[in-house]
Amino acid sequence: MKKKDLPQGYRPSVKDAQWFLGYWMQLPNYSNQERALDKLFHELCPENNTIEDVLIKCSSLNDFYSTNIFDIHTIAQHILSLGIDGRLKQGDLSLVDDISHVEKGNIVHTFYSFATKYCSHHQPKLFAIYDSYVEKVLITLNKRDHFSSFKNEELRTYSVYMKAIEDFRQYYGLMQFDIKQIDQYLWQLGKWYFNQYGLSYKYYNREDENPYPSNDIRNRFWDGEMMFVKNIVARNKEGEWKLKGKEILKNASDQTKLFASKFTPEQYGMILYMNELYARHIPFDDFSWTDKY
């Protein structure tokens with residue numbers, strides 16, 4: 001089960017933004033990484049006038065974000081040569097394009113997303129991070145609501161990208177959130193609905209209460225997904241259930257393997273969790289109900 005679009009009629013809201021921002025703070029792999037980078041960029045190495053400071057920041061971003069940069073030292077030298085500190089403080093958006101284009105061996109390489117990350121971690125309220133999930137959300141909502149004038153391919157131009165985010169913030173009444181918070185909201189929203197390889201949720205969409213009647217099978221699925229998000233994902237333990245699913249499938253029946261093949265390994269792990277969740281409370285129940293998922 002792979003989601004590839006926002007729900008029909010979905011409208012960004014203050015309530016949903018607050019949910020995602022709160023959820024972000026519960027995820028230690030994100031919140032701890034963010035605090036570590038904040039300490040590096042704002043306390044230990046706030047300026048960009050030595051190769052050592054620039055290099056350690058580039059290396060940390062490359063590692064934390066898995067950006068697979070081919071030659072960190074070349075990029076660090078490039079950033080150092082630009083003398084960027086004044087432009088960062090001014091919020092000069094053209095700086096992203098200047099950082100992103102790196103020449104090596106007469107070939108110009110483009111590191112657009114990396115450049116946005118480097119600027120954003122210096123000035124998070126002035127520079128948003130470019131990400132494909134954010135791009136998908138902006139394109140999808142703009143196609144429906146026409147909140148901004150950008151053409152899809154123009155989002156790789158940073159000034160257009162930033163204007164689209166600002167237009168998004170104003171159109172949906174989200175002015176109480178700064179650029180960093182909008183950035184986090186959009187990224188998580190995109191990952192929730194457009195993630196084709198990891199977890200996605202078929203029934204739970206961050207509602208406060210279960211929307212399905214108690215005698216509806218979807219009631220259990222909603223409750224199971226909700227509990228998985230709050231008790232497993234928030235504790236960064238979804239990988240344990242993924243591995244448990246793989247172990248079970250080694251000796252599973254052909255019917256079980258066929259059922260599991262419809263889902264990603266992460267998804268199947270969540271289904272196992274739901275099965276076990278109800279087994280603790282209803283030990284004599286018939287768990288073939290999961291086939292209806």
# chains A, B, ... in the order shown; residues from 1 in each chain; ligands from 1
>>> residues_around(residues="stretch 135-148 of chain A", least_positions_apart="2", cutoff="9 Å", atoms="only C-alpha atoms", output="PyMOL selection string")
chain A and resi 5-6+10-11+130-133+150-152+155+161+163-165+167-168+170-172+186-187+189-190+194
>>> residues_around(residues="stretch 213-221 of chain A", least_positions_apart="6", cutoff="12 Å", atoms="only C-alpha atoms", output="PyMOL selection string")
chain A and resi 201-205+227-228+270-275+277-278+287-293
>>> select_by_dssp(residues="stretch 40-121 of chain A", states="helix (DSSP H, G or I)", output="MDAnalysis selection string")
chainID A and resid 40:44 51:65 72:82 85:90 94:100 112:121
>>> closest_atom_pairs(of="stretch 158-221 of chain A", to="stretch 21-24 of chain A", cutoff="9 Å", atoms="only C-alpha atoms", output="tab-separated table")
residue	atom	partner	partner_atom	distance
A:Gln181	CA	A:Leu21	CA	7.1
A:Gln184	CA	A:Leu21	CA	6.9
A:Tyr185	CA	A:Leu21	CA	6.4
A:Gln188	CA	A:Trp24	CA	8.2
>>> closest_atom_pairs(of="stretch 108-148 of chain A", to="stretch 93-101 of chain A", cutoff="12 Å", atoms="only C-alpha atoms", output="tab-separated table")
residue	atom	partner	partner_atom	distance
A:Val108	CA	A:His101	CA	6.1
A:His109	CA	A:His101	CA	5.7
A:Thr110	CA	A:His101	CA	4.7
A:Phe111	CA	A:Ser100	CA	4.5
A:Tyr112	CA	A:Ser100	CA	4.9
A:Ser113	CA	A:Ser100	CA	7.9
A:Phe114	CA	A:Ser100	CA	7.2
A:Ala115	CA	A:Ser100	CA	5.1
A:Thr116	CA	A:Val96	CA	5.9
A:Lys117	CA	A:Val96	CA	9.2
A:Tyr118	CA	A:Val96	CA	8.6
A:Cys119	CA	A:Val96	CA	7.0
A:Ser120	CA	A:Val96	CA	9.6
A:Gln123	CA	A:Leu93	CA	11.2
A:Leu126	CA	A:Leu93	CA	8.6
A:Phe127	CA	A:Leu93	CA	7.5
A:Ala128	CA	A:Leu93	CA	10.0
A:Ile129	CA	A:Val96	CA	10.3
A:Tyr130	CA	A:Val96	CA	10.4
>>> closest_residue(among="A:Gln26, A:Ser81, A:Ser66, A:Asn251", to="A:Val102", atoms="only C-alpha atoms")
A:Ser81
>>> residues_around(residues="A:Leu61", least_positions_apart="2", cutoff="12 Å", atoms="only C-alpha atoms", output="PyMOL selection string")
chain A and resi 33-34+36-38+40-41+54-59+63-69+72+75-76+113-122
>>> atom_distance(atom1="atom CA of A:Gln77", atom2="atom CA of A:Ile51")
6.6 Å
>>> atom_distance(atom1="atom CA of A:Ile107", atom2="atom CA of A:Leu82")
18.4 Å
>>> residues_around(residues="A:Pro28", least_positions_apart="6", cutoff="8 Å", atoms="only C-alpha atoms", output="list in words")
Ala234, Arg235 and Asn236 of chain A
>>> write_last_selection(atoms="C-alpha atoms", output="mmCIF file, in the first residue's frame")
data_model
loop_
_atom_site.group_PDB
_atom_site.id
_atom_site.type_symbol
_atom_site.label_atom_id
_atom_site.label_comp_id
_atom_site.auth_asym_id
_atom_site.auth_seq_id
_atom_site.Cartn_x
_atom_site.Cartn_y
_atom_site.Cartn_z
ATOM 1 C CA ALA A 234 7.891 8.363 17.994
ATOM 2 C CA ARG A 235 10.419 6.155 19.807
ATOM 3 C CA ASN A 236 12.314 5.348 16.606
#
>>> atom_distance(atom1="atom CA of A:Thr50", atom2="atom CA of A:Arg35")
22.8 Å
